[in-house]
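What follows is the content of coords_24.txt (compact mmCIF, C-alpha atoms).
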# COMPACT_ATOMS: atom_id res chain seq x y z
CA MET X 1 -103.13 216.52 80.50
CA PRO X 2 -100.18 215.09 78.55
CA ASN X 3 -99.99 211.60 77.08
CA ILE X 4 -96.94 209.36 77.26
CA LEU X 5 -96.24 207.33 74.13
CA LEU X 6 -95.10 203.98 75.52
CA THR X 7 -94.51 202.50 72.10
CA SER X 8 -94.80 203.48 68.48
CA LEU X 9 -95.97 199.96 67.61
CA CYS X 10 -99.61 199.26 66.87
CA ASN X 11 -101.44 196.02 66.12
CA ARG X 12 -104.33 197.76 64.37
CA HIS X 13 -104.47 199.41 60.97
CA CYS X 14 -107.27 201.92 61.49
CA PRO X 15 -107.80 203.76 58.19
CA TYR X 16 -108.08 207.17 59.88
CA CYS X 17 -105.13 206.82 62.27
CA PHE X 18 -104.04 210.35 63.12
CA ALA X 19 -101.01 209.08 64.98
CA ASP X 20 -99.68 207.90 61.63
CA GLU X 21 -96.71 210.27 61.66
CA LYS X 22 -95.38 208.66 64.86
CA ILE X 23 -96.42 205.03 64.44
CA SER X 24 -94.45 202.04 63.19
CA ARG X 25 -96.25 199.14 61.55
CA THR X 26 -93.56 197.30 59.66
CA ASN X 27 -89.88 196.58 60.10
CA SER X 28 -88.94 199.18 57.49
CA ASP X 29 -91.08 201.69 59.38
CA THR X 30 -89.21 201.04 62.57
CA GLN X 31 -85.92 201.81 60.88
CA THR X 32 -87.08 205.25 59.83
CA LYS X 33 -89.31 206.20 62.73
CA LYS X 34 -88.23 207.01 66.24
CA GLN X 35 -87.36 204.36 68.77
CA GLN X 36 -90.11 201.82 69.29
CA PHE X 37 -90.40 201.66 73.08
CA ILE X 38 -89.88 204.16 75.85
CA SER X 39 -87.04 203.07 78.12
CA GLU X 40 -87.57 202.69 81.87
CA GLU X 41 -85.10 205.51 82.44
CA TYR X 42 -86.99 207.89 80.17
CA PHE X 43 -90.30 206.81 81.67
CA ASP X 44 -88.99 207.66 85.15
CA ARG X 45 -87.95 211.08 83.88
CA VAL X 46 -91.42 211.68 82.49
CA LEU X 47 -92.97 210.74 85.84
CA ASP X 48 -90.56 213.13 87.58
CA PHE X 49 -91.60 215.85 85.18
CA LEU X 50 -95.30 215.17 85.71
CA GLU X 51 -94.86 215.13 89.48
CA ASP X 52 -92.95 218.41 89.39
CA SER X 53 -95.81 219.87 87.36
CA GLY X 54 -98.41 218.71 89.89
CA GLU X 55 -100.02 216.13 87.61
CA LYS X 56 -101.96 213.31 89.24
CA THR X 57 -102.69 211.25 86.14
CA ALA X 58 -100.30 209.32 83.91
CA SER X 59 -101.89 208.86 80.54
CA PHE X 60 -100.52 206.12 78.26
CA ILE X 61 -100.87 206.12 74.49
CA GLY X 62 -99.21 204.51 71.51
CA GLY X 63 -99.36 202.82 69.15
CA GLU X 64 -100.95 200.27 71.37
CA PRO X 65 -99.37 201.00 74.77
CA THR X 66 -99.84 197.47 76.08
CA LEU X 67 -97.43 196.21 73.39
CA HIS X 68 -94.54 197.63 75.39
CA PRO X 69 -92.56 194.52 76.45
CA LYS X 70 -92.32 195.89 80.00
CA PHE X 71 -95.85 197.23 80.16
CA GLU X 72 -96.54 195.78 83.61
CA VAL X 73 -93.28 197.18 85.01
CA ILE X 74 -94.02 200.63 83.55
CA PHE X 75 -97.58 200.51 84.86
CA GLU X 76 -96.45 199.51 88.38
CA LYS X 77 -93.91 202.35 88.43
CA ALA X 78 -96.66 204.91 87.85
CA LEU X 79 -99.01 203.19 90.26
CA LYS X 80 -96.36 203.12 92.97
CA ARG X 81 -95.97 206.87 92.64
CA ASN X 82 -99.72 207.28 93.18
CA PHE X 83 -100.64 208.29 89.67
CA PHE X 84 -104.11 207.48 88.42
CA ILE X 85 -103.54 205.67 85.12
CA LYS X 86 -105.38 206.33 81.92
CA ILE X 87 -104.70 204.10 78.92
CA PHE X 88 -105.69 204.91 75.34
CA SER X 89 -105.92 201.46 73.85
CA ASN X 90 -107.58 199.26 71.27
CA GLY X 91 -108.37 196.37 73.60
CA LEU X 92 -106.53 193.76 71.50
CA TYR X 93 -104.84 192.11 74.46
CA ASN X 94 -103.34 188.75 75.14
CA GLU X 95 -104.34 186.80 78.23
CA LYS X 96 -101.35 188.06 80.22
CA ILE X 97 -102.19 191.76 79.78
CA ARG X 98 -105.89 191.09 80.38
CA THR X 99 -105.16 189.27 83.64
CA PHE X 100 -102.76 191.97 84.75
CA LEU X 101 -105.21 194.82 84.12
CA ALA X 102 -108.02 192.85 85.75
CA SER X 103 -105.92 192.77 88.91
CA ILE X 104 -105.88 196.60 89.06
CA PRO X 105 -108.84 198.14 90.88
CA PRO X 106 -111.10 200.32 88.69
CA SER X 107 -110.37 203.22 91.03
CA SER X 108 -106.74 203.23 89.80
CA VAL X 109 -107.15 202.81 86.06
CA LYS X 110 -109.34 203.93 83.21
CA ILE X 111 -108.96 202.31 79.79
CA ILE X 112 -110.32 204.34 76.91
CA CYS X 113 -110.85 201.66 74.35
CA ASN X 114 -111.17 202.84 70.78
CA THR X 115 -113.43 200.33 69.07
CA ASN X 116 -114.25 200.47 65.39
CA PRO X 117 -117.66 199.16 64.20
CA PRO X 118 -117.79 195.34 64.08
CA GLN X 119 -117.51 195.16 60.29
CA PHE X 120 -114.08 196.79 60.48
CA ASN X 121 -112.72 193.97 62.68
CA SER X 122 -111.76 190.47 61.75
CA ASP X 123 -113.60 187.75 63.68
CA SER X 124 -110.53 187.00 65.77
CA GLU X 125 -109.93 190.68 66.57
CA TRP X 126 -113.55 191.13 67.59
CA SER X 127 -113.54 188.10 69.86
CA ARG X 128 -110.27 189.22 71.52
CA VAL X 129 -111.74 192.64 72.21
CA MET X 130 -114.91 191.07 73.62
CA GLU X 131 -112.74 188.96 75.94
CA THR X 132 -111.13 192.19 77.11
CA PHE X 133 -114.50 193.81 77.82
CA LYS X 134 -115.67 190.72 79.67
CA ALA X 135 -112.56 190.65 81.84
CA LEU X 136 -112.18 194.37 82.51
CA GLY X 137 -115.78 195.62 82.73
CA SER X 138 -116.04 199.01 84.40
CA ARG X 139 -112.36 199.79 83.83
CA ILE X 140 -113.28 200.32 80.19
CA ILE X 141 -114.74 203.42 78.57
CA LEU X 142 -115.73 202.76 74.99
CA ALA X 143 -114.59 205.25 72.41
CA SER X 144 -115.10 205.60 68.72
CA THR X 145 -113.49 207.73 66.05
CA ILE X 146 -115.82 208.75 63.26
CA TRP X 147 -114.31 208.79 59.82
CA LEU X 148 -117.39 207.95 57.76
CA LYS X 149 -120.35 210.19 57.05
CA GLU X 150 -122.84 207.54 58.16
CA GLN X 151 -120.94 205.54 60.71
CA PRO X 152 -122.87 203.19 63.01
CA LEU X 153 -122.79 204.09 66.69
CA ASP X 154 -125.42 201.87 68.32
CA TYR X 155 -122.93 199.02 68.83
CA LEU X 156 -121.13 201.21 71.39
CA LEU X 157 -124.26 201.49 73.48
CA ASN X 158 -125.05 197.78 73.14
CA LEU X 159 -121.53 196.75 74.20
CA THR X 160 -121.51 199.15 77.13
CA ILE X 161 -124.73 197.62 78.43
CA GLN X 162 -123.83 194.01 77.60
CA TYR X 163 -120.45 194.04 79.34
CA GLY X 164 -121.20 196.48 82.14
CA LEU X 165 -118.58 198.95 80.92
CA ARG X 166 -118.26 202.39 82.48
CA ASN X 167 -121.38 204.44 81.72
CA GLN X 168 -119.64 206.84 79.42
CA ILE X 169 -118.93 206.74 75.69
CA ARG X 170 -116.35 208.96 74.11
CA ILE X 171 -116.81 210.15 70.54
CA GLY X 172 -114.14 211.73 68.38
CA ILE X 173 -113.95 212.75 64.77
CA ALA X 174 -111.05 211.64 62.60
CA GLN X 175 -108.88 214.68 62.02
CA PRO X 176 -106.22 215.35 59.41
CA ILE X 177 -102.50 215.33 60.18
CA VAL X 178 -100.71 218.44 58.96
CA GLY X 179 -98.07 217.43 56.43
CA VAL X 180 -99.26 213.82 56.12
CA GLU X 181 -102.01 212.27 54.02
CA ASN X 182 -104.48 210.33 56.16
CA ILE X 183 -108.18 209.59 56.04
CA TYR X 184 -110.38 212.01 57.96
CA LEU X 185 -113.93 213.29 57.94
CA PRO X 186 -114.14 216.45 55.81
CA ILE X 187 -115.50 219.38 57.81
CA GLU X 188 -118.19 219.91 55.19
CA GLN X 189 -119.78 216.68 56.44
CA TYR X 190 -119.95 217.65 60.12
CA LYS X 191 -123.46 219.09 59.91
CA CYS X 192 -124.78 215.82 58.45
CA LEU X 193 -123.17 214.00 61.34
CA ALA X 194 -124.70 216.24 63.99
CA GLU X 195 -128.19 214.73 63.85
CA SER X 196 -126.92 211.17 64.28
CA LEU X 197 -124.80 212.26 67.26
CA VAL X 198 -127.82 213.90 68.87
CA GLU X 199 -129.97 210.83 68.19
CA PHE X 200 -127.28 208.61 69.72
CA ALA X 201 -127.06 210.86 72.78
CA ARG X 202 -130.82 210.49 73.23
CA LYS X 203 -130.53 206.68 73.14
CA CYS X 204 -127.62 206.68 75.58
CA ASP X 205 -129.49 209.01 77.91
CA GLU X 206 -132.29 206.44 78.21
CA HIS X 207 -129.68 204.11 79.74
CA ASN X 208 -128.03 206.83 81.83
CA ILE X 209 -124.89 206.66 79.73
CA LYS X 210 -123.01 209.88 79.24
CA ILE X 211 -121.49 210.95 75.91
CA THR X 212 -118.28 212.94 75.90
CA PHE X 213 -116.76 214.50 72.83
CA ASP X 214 -113.12 214.81 71.83
CA CYS X 215 -111.64 218.10 70.79
CA GLY X 216 -112.00 219.65 67.37
CA LEU X 217 -115.76 220.09 67.03
CA PRO X 218 -116.99 223.45 65.75
CA LEU X 219 -120.05 224.90 67.46
CA CYS X 220 -121.82 225.66 64.18
CA MET X 221 -122.08 221.97 63.26
CA PHE X 222 -125.05 221.81 65.65
CA THR X 223 -128.28 223.79 65.59
CA GLU X 224 -129.36 225.59 68.76
CA GLU X 225 -131.99 222.89 69.28
CA GLN X 226 -129.42 220.11 68.93
CA LEU X 227 -127.13 221.81 71.43
CA GLY X 228 -130.04 221.96 73.85
CA VAL X 229 -130.78 218.26 73.43
CA LEU X 230 -127.11 217.36 74.00
CA GLN X 231 -127.08 219.45 77.15
CA MET X 232 -130.22 217.79 78.48
CA CYS X 233 -128.89 214.32 77.63
CA ASN X 234 -125.73 214.92 79.66
CA ALA X 235 -123.70 215.01 76.47
CA PRO X 236 -122.45 218.59 76.44
CA ALA X 237 -120.42 219.31 73.34
CA VAL X 238 -117.19 221.24 73.82
CA PHE X 239 -115.60 223.32 71.14
CA HIS X 240 -112.04 223.58 72.32
CA CYS X 241 -108.74 222.87 70.60
CA ASN X 242 -105.76 223.22 72.90
CA PRO X 243 -102.31 221.63 73.02
CA VAL X 244 -102.79 218.15 74.51
CA LEU X 245 -99.03 217.48 74.69
CA ASP X 246 -97.86 214.05 73.65
CA ILE X 247 -94.49 212.82 74.89
CA GLY X 248 -92.70 210.45 72.52
CA THR X 249 -90.55 207.44 73.34
CA ASP X 250 -87.41 209.58 72.87
CA LEU X 251 -88.91 212.38 75.00
CA THR X 252 -89.79 214.51 71.99
CA VAL X 253 -92.96 216.49 72.69
CA TRP X 254 -95.54 217.62 70.17
CA SER X 255 -98.81 219.47 70.60
CA CYS X 256 -101.16 216.66 69.52
CA PHE X 257 -101.16 213.96 66.85
CA PRO X 258 -102.77 216.06 64.08
CA LEU X 259 -100.01 218.63 64.60
CA SER X 260 -97.28 216.09 65.30
CA LYS X 261 -94.98 217.34 62.53
CA LEU X 262 -94.91 220.88 63.88
CA HIS X 263 -92.70 222.53 66.47
CA ASN X 264 -91.41 219.32 68.14
CA VAL X 265 -89.28 219.99 71.22
CA LYS X 266 -87.46 217.98 73.88
CA LEU X 267 -89.22 217.46 77.21
CA LEU X 268 -86.11 218.03 79.29
CA ASP X 269 -85.55 221.48 77.77
CA PHE X 270 -88.53 222.56 79.85
CA LYS X 271 -89.12 222.53 83.59
CA LYS X 272 -92.90 222.35 83.88
CA LEU X 273 -95.88 221.37 81.77
CA LYS X 274 -97.14 224.93 81.88
CA GLU X 275 -94.00 226.07 80.03
CA LEU X 276 -94.60 223.48 77.32
CA THR X 277 -98.22 224.52 76.96
CA ILE X 278 -97.21 228.16 76.62
CA TYR X 279 -94.58 227.22 74.06
CA PHE X 280 -97.08 225.40 71.82
CA GLU X 281 -99.83 227.96 72.33
CA SER X 282 -97.50 230.77 71.26
CA ARG X 283 -96.29 228.87 68.19
CA LEU X 284 -99.81 228.05 67.09
CA ALA X 285 -101.40 231.38 68.05
CA PRO X 286 -101.06 233.03 64.61
CA TYR X 287 -103.51 230.50 63.18
CA ARG X 288 -106.12 230.87 65.89
CA SER X 289 -107.91 233.87 64.33
CA PHE X 290 -108.97 231.91 61.28
CA GLY X 291 -110.79 228.68 62.14
CA SER X 292 -111.50 225.82 59.80
CA PHE X 293 -114.29 227.47 57.81
CA PRO X 294 -114.05 230.66 55.70
CA LEU X 295 -116.78 232.28 57.81
CA CYS X 296 -114.92 231.61 61.07
CA THR X 297 -112.93 234.85 60.85
CA SER X 298 -116.06 236.94 61.39
CA CYS X 299 -117.86 234.46 63.67
CA LYS X 300 -118.84 235.84 67.05
CA TYR X 301 -118.33 232.45 68.71
CA LEU X 302 -114.70 232.35 67.57
CA ILE X 303 -114.09 235.97 68.50
CA ARG X 304 -115.63 235.39 71.95
CA ASN X 305 -113.59 232.20 72.33
CA GLN X 306 -116.71 230.05 72.73
CA CYS X 307 -115.49 227.99 69.79
CA LYS X 308 -111.99 227.45 68.45
CA GLY X 309 -113.21 226.90 64.89
CA GLY X 310 -112.68 223.13 64.86
CA CYS X 311 -109.41 221.21 64.85
CA LEU X 312 -106.45 223.50 64.18
CA ALA X 313 -105.09 220.93 61.73
CA HIS X 314 -107.89 221.88 59.32
CA THR X 315 -106.99 225.54 59.66
CA ILE X 316 -103.29 224.99 59.13
CA ARG X 317 -103.92 222.74 56.16
CA SER X 318 -105.99 225.50 54.57
CA PHE X 319 -102.80 227.58 54.41
CA HIS X 320 -99.91 227.14 52.02
CA GLN X 321 -97.76 224.27 53.32
CA ASN X 322 -94.44 224.39 51.50
CA ARG X 323 -92.28 224.65 54.61
CA ILE X 324 -93.52 221.73 56.72
CA MET P 1 -88.74 251.77 45.01
CA SER P 2 -87.64 251.47 41.41
CA LEU P 3 -87.31 247.86 40.32
CA SER P 4 -85.27 246.47 37.48
CA ASP P 5 -87.11 244.26 35.00
CA ASP P 6 -85.32 241.06 35.99
CA LYS P 7 -85.76 241.45 39.74
CA VAL P 8 -87.44 238.47 41.46
CA PHE P 9 -89.15 238.36 44.87
CA ARG P 10 -90.43 235.56 47.05
CA ALA P 11 -92.45 235.16 50.24
CA LYS P 12 -90.33 235.04 53.38
CA LYS P 13 -90.05 231.63 55.04
CA GLU P 14 -92.21 232.63 57.99
CA VAL P 15 -95.06 233.64 55.70
CA THR P 16 -98.00 231.51 54.68
CA TRP P 17 -101.28 232.25 52.92
CA ARG P 18 -104.67 230.94 51.99
CA GLU P 19 -107.34 231.94 49.51
CA THR P 20 -110.93 231.80 50.63
CA GLU P 21 -113.96 233.23 48.89
CA GLY P 22 -111.81 235.12 46.41
CA LYS P 23 -109.71 236.83 49.06
CA LEU P 24 -106.12 236.08 49.86
CA ILE P 25 -105.05 236.15 53.48
CA VAL P 26 -101.29 236.45 53.99
CA LEU P 27 -100.10 235.52 57.47
CA ASN P 28 -96.74 236.24 59.04
CA LEU P 29 -96.26 233.39 61.52
CA GLN P 30 -93.53 235.22 63.38
CA SER P 31 -95.43 238.40 64.13
CA GLY P 32 -98.92 236.89 64.03
CA LEU P 33 -100.01 239.76 61.75
CA TYR P 34 -102.10 239.02 58.72
CA TYR P 35 -103.16 240.96 55.66
CA THR P 36 -106.22 240.54 53.49
CA LEU P 37 -105.40 241.32 49.90
CA ASP P 38 -107.86 242.73 47.40
CA GLU P 39 -108.28 241.26 43.92
CA MET P 40 -105.43 243.13 42.22
CA ALA P 41 -103.06 242.62 45.14
CA THR P 42 -103.89 238.91 45.05
CA VAL P 43 -102.95 238.76 41.38
CA PHE P 44 -99.64 240.51 42.14
CA PHE P 45 -98.93 238.21 45.08
CA ASN P 46 -99.72 235.02 43.18
CA LEU P 47 -97.38 236.02 40.35
CA LEU P 48 -94.63 237.11 42.73
CA ILE P 49 -94.62 233.83 44.66
CA GLN P 50 -94.20 231.97 41.39
CA GLU P 51 -90.87 233.79 41.36
CA LYS P 52 -91.59 235.60 38.11
CA LYS P 53 -89.49 238.54 37.03
CA ILE P 54 -90.92 242.04 37.33
CA LEU P 55 -91.18 242.41 33.56
CA GLU P 56 -93.01 239.09 33.22
CA ILE P 57 -95.53 240.16 35.83
CA ILE P 58 -96.13 243.50 34.16
CA GLN P 59 -96.58 241.86 30.78
CA ALA P 60 -98.98 239.23 32.15
CA ILE P 61 -101.14 241.85 33.84
CA CYS P 62 -101.17 244.19 30.87
CA VAL P 63 -102.51 241.37 28.71
CA GLU P 64 -105.07 240.20 31.25
CA TYR P 65 -106.37 243.59 32.39
CA LYS P 66 -105.67 245.78 29.34
CA ALA P 67 -103.67 248.20 31.48
CA THR P 68 -100.68 250.30 30.50
CA PRO P 69 -97.22 249.05 31.53
CA ASP P 70 -96.45 252.30 33.35
CA GLN P 71 -99.55 252.09 35.50
CA VAL P 72 -98.97 248.40 36.33
CA ARG P 73 -95.32 249.04 37.17
CA SER P 74 -96.26 251.88 39.49
CA ASP P 75 -98.89 249.78 41.33
CA LEU P 76 -96.60 246.75 41.48
CA GLU P 77 -93.70 248.75 42.90
CA GLU P 78 -95.95 250.23 45.57
CA PHE P 79 -97.24 246.77 46.44
CA ILE P 80 -93.76 245.26 46.70
CA THR P 81 -92.50 248.19 48.77
CA THR P 82 -95.33 247.76 51.28
CA LEU P 83 -95.01 243.98 51.55
CA THR P 84 -91.25 244.13 51.87
CA GLN P 85 -91.57 246.64 54.69
CA GLU P 86 -94.12 244.35 56.36
CA ASN P 87 -91.70 241.41 56.18
CA ILE P 88 -93.85 239.44 53.78
CA LEU P 89 -91.66 239.55 50.69
CA GLU P 90 -87.92 239.51 50.15
CA PRO P 91 -85.78 239.84 47.01
CA LEU P 92 -84.63 236.46 45.73
CA HIS P 93 -81.17 237.69 44.81
CA ALA P 94 -80.39 240.24 47.49

Starting from the file, lay out its structure as structure tokens.
Amino acid sequence: MPNILLTSLCNRHCPYCFADEKISRTNSDTQTKKQQFISEEYFDRVLDFLEDSGEKTASFIGGEPTLHPKFEVIFEKALKRNFFIKIFSNGLYNEKIRTFLASIPPSSVKIICNTNPPQFNSDSEWSRVMETFKALGSRIILASTIWLKEQPLDYLLNLTIQYGLRNQIRIGIAQPIVGVENIYLPIEQYKCLAESLVEFARKCDEHNIKITFDCGLPLCMFTEEQLGVLQMCNAPAVFHCNPVLDIGTDLTVWSCFPLSKLHNVKLLDFKKLKELTIYFESRLAPYRSFGSFPLCTSCKYLIRNQCKGGCLAHTIRSFHQNRI
Amino acid sequence: MSLSDDKVFRAKKEVTWRETEGKLIVLNLQSGLYYTLDEMATVFFNLLIQEKKILEIIQAICVEYKATPDQVRSDLEEFITTLTQENILEPLHA
């Protein structure tokens, strides 16, 4: 399912940001990066494209998508055309946005709210995000991106219970961006992380809260026993890595943020999403045999396509990069 | 293929590579084909992509491996011929 970048502006400075290649944080950034906000005309074209491709969900990303000056107008356009709306957000809203989203029924919107551990928020940021949770309740799914070897997770469970958020928590691992230096969790540390993820899944299961994992996990980071526990705790790990498709404010399309410097194309040069997916899959296919770890090439799980060998950005970065 | 001493080769633009566990994998992104090079081939490849002249490569290998120039030249020419045919290498000054 593709994501629509409503704006390249963000009001957070997450250390691991893997959208860094496409995001503007300062005025000088905005001069060099692509246009800051998607226009209404371009947004309509994206909705046309999604409709023609049979998509039922419009997924908004950024930057922080709610910073688009016409966010409500954009949102209503998608709603009017019967799209279910998914927003990837940080929850740092003003009262106007909060009130607007609170007026949308939870059956029409899902807000995946990436929330860093409390110590990585200022007091005012934290209290704004708490206001958002209080106002939007079950519209919110908490999400966290892990960039530290021993990153706290329990706060996600506590907040989900405290504010009656949707009973699902989404966990991702900070991935590298090909051709850009960012902070990410080295793959050598994944196995250390596995036990804390399993332990967290056990705790969430006691409260009937489901864990879902983002793309880019390799199967071998877990033991067979850990995989069994995750399955039983309704937290099945998935080991895929496919083109997500992100559509930029100028209608440039890239495969996903970690690969956002590679093979960019224009949306309107294609007729359907399927064509775009095939385009990116074919461009990235030569790397698929290798995986992130040296042993991936002879791994039966990679060969049988049960695992994609982790995030492709790790694989590509392991190759010589002089032409990116 | 008989190569003059000052000939220089480079990897084609659609070619990338990585070294893991002592082996060099050379990947052609256009064809999707990849090649795993053995130790000597890896030494040749690493010197070639530094855009060294044929004579410099031969001299470097003779010193490092105590081989005769004729033997190194013969192996190097065979290696370059194969990788050129496989669209991995190209002459720098065609």

**Study point:** Selection: 9 Å around X:Cys192, all atoms listed in the file, excl. self and same-chain fewer than 4 positions, as a ChimeraX atom specification
**Key:** /X:149-150,188,196,221

So that I have them on file, write out the residues from the current selection with C-alpha atoms, as a PDB file, in the coordinates of the input.
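Resulting contents of again_23.pdb:
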ATOM      1  CA  LYS X 149    -120.350 210.190  57.050  1.00  0.00           C
ATOM      2  CA  GLU X 150    -122.840 207.540  58.160  1.00  0.00           C
ATOM      3  CA  GLU X 188    -118.190 219.910  55.190  1.00  0.00           C
ATOM      4  CA  SER X 196    -126.920 211.170  64.280  1.00  0.00           C
ATOM      5  CA  MET X 221    -122.080 221.970  63.260  1.00  0.00           C
TER       6      MET X 221
END

Just the residues within 12 Å of P:Ser31, please, counting all atoms listed in the file, with nothing from its chain fewer than 2 positions along; format it as a PDB file with C-alpha atoms, in the frame of the given file.
ATOM      1  CA  SER X 282     -97.500 230.770  71.260  1.00  0.00           C
ATOM      2  CA  ARG X 283     -96.290 228.870  68.190  1.00  0.00           C
ATOM      3  CA  LEU X 284     -99.810 228.050  67.090  1.00  0.00           C
ATOM      4  CA  ALA X 285    -101.400 231.380  68.050  1.00  0.00           C
ATOM      5  CA  PRO X 286    -101.060 233.030  64.610  1.00  0.00           C
ATOM      6  CA  TYR X 287    -103.510 230.500  63.180  1.00  0.00           C
TER       7      TYR X 287
ATOM      8  CA  GLU P  14     -92.210 232.630  57.990  1.00  0.00           C
ATOM      9  CA  VAL P  15     -95.060 233.640  55.700  1.00  0.00           C
ATOM     10  CA  THR P  16     -98.000 231.510  54.680  1.00  0.00           C
ATOM     11  CA  VAL P  26    -101.290 236.450  53.990  1.00  0.00           C
ATOM     12  CA  LEU P  27    -100.100 235.520  57.470  1.00  0.00           C
ATOM     13  CA  ASN P  28     -96.740 236.240  59.040  1.00  0.00           C
ATOM     14  CA  LEU P  29     -96.260 233.390  61.520  1.00  0.00           C
ATOM     15  CA  LEU P  33    -100.010 239.760  61.750  1.00  0.00           C
ATOM     16  CA  TYR P  34    -102.100 239.020  58.720  1.00  0.00           C
ATOM     17  CA  TYR P  35    -103.160 240.960  55.660  1.00  0.00           C
ATOM     18  CA  GLU P  86     -94.120 244.350  56.360  1.00  0.00           C
ATOM     19  CA  ASN P  87     -91.700 241.410  56.180  1.00  0.00           C
ATOM     20  CA  ILE P  88     -93.850 239.440  53.780  1.00  0.00           C
TER      21      ILE P  88
END

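Protein, DNA and RNA residues at most 10 Å from (-98.0, 211.9, 86.6), with only C-alpha atoms, are these: X:Met1, X:Pro2, X:Asn3, X:Ile4, X:Val46, X:Leu47, X:Asp48, X:Phe49, X:Leu50, X:Glu51, X:Asp52, X:Ser53, X:Gly54, X:Glu55, X:Lys56, X:Thr57, X:Ala58, X:Ser59, X:Ala78, X:Leu79, X:Arg81, X:Asn82, X:Phe83, X:Phe84, X:Ile85.
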
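Ranking X:Ser292, X:Asn305, X:Asn158, X:Ser122 by their shortest atom-to-atom distance to chain P, with only C-alpha atoms included, puts X:Ser292 first.
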
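Counting only C-alpha atoms, the residue from X:Val178, X:Cys113, X:Ile187, X:Cys256 that sits nearest to X:Thr145 is X:Cys113.
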
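Coordinates place atom CA of P:Ala11 at a distance of 8.1 Å from atom CA of P:Leu48.
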
Point to revise | Exercise: X:Lys266 partners within 8 Å, only C-alpha atoms, chain neighbours under 3 positions left out, as a PyMOL selection string | key: chain X and resi 251-253+269-270

Selected residues, C-alpha atoms, written as a tab-separated table (two decimals), in the coordinates of the input, please.
chain	number	residue	atom	x	y	z
X	251	LEU	CA	-88.91	212.38	75.00
X	252	THR	CA	-89.79	214.51	71.99
X	253	VAL	CA	-92.96	216.49	72.69
X	269	ASP	CA	-85.55	221.48	77.77
X	270	PHE	CA	-88.53	222.56	79.85

Review point. What is the distance between atom CA of P:Arg18 and atom CA of P:Gln59, in Å to one decimal?
Key: 25.2 Å

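The list of residues with at least one atom within 10 Å of P:Val72, based on all atoms listed in the file and without residues fewer than 6 positions apart in the same chain, reads Phe44, Ile57, Ile58, Gln59, Ile61, Cys62, Tyr65 and Glu78 of chain P.
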
Point to revise | Best match for closeness to P:Leu24 among P:Ile80, P:Leu92, P:Asp5, P:Asp38, counting all atoms listed in the file | key: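 Among P:Ile80, P:Leu92, P:Asp5, P:Asp38, it is P:Asp38 that comes nearest to P:Leu24.
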
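Using all atoms listed in the file, the shortest contact distance between P:Lys7 and any of P:Pro91, P:Gln30, P:Arg73, P:Leu37 is found at P:Pro91.
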
Practice item. Measure the distance from atom CA of P:Thr82 to atom CA of X:Ile303 in Å and round it to one decimal. Key: 28.1 Å
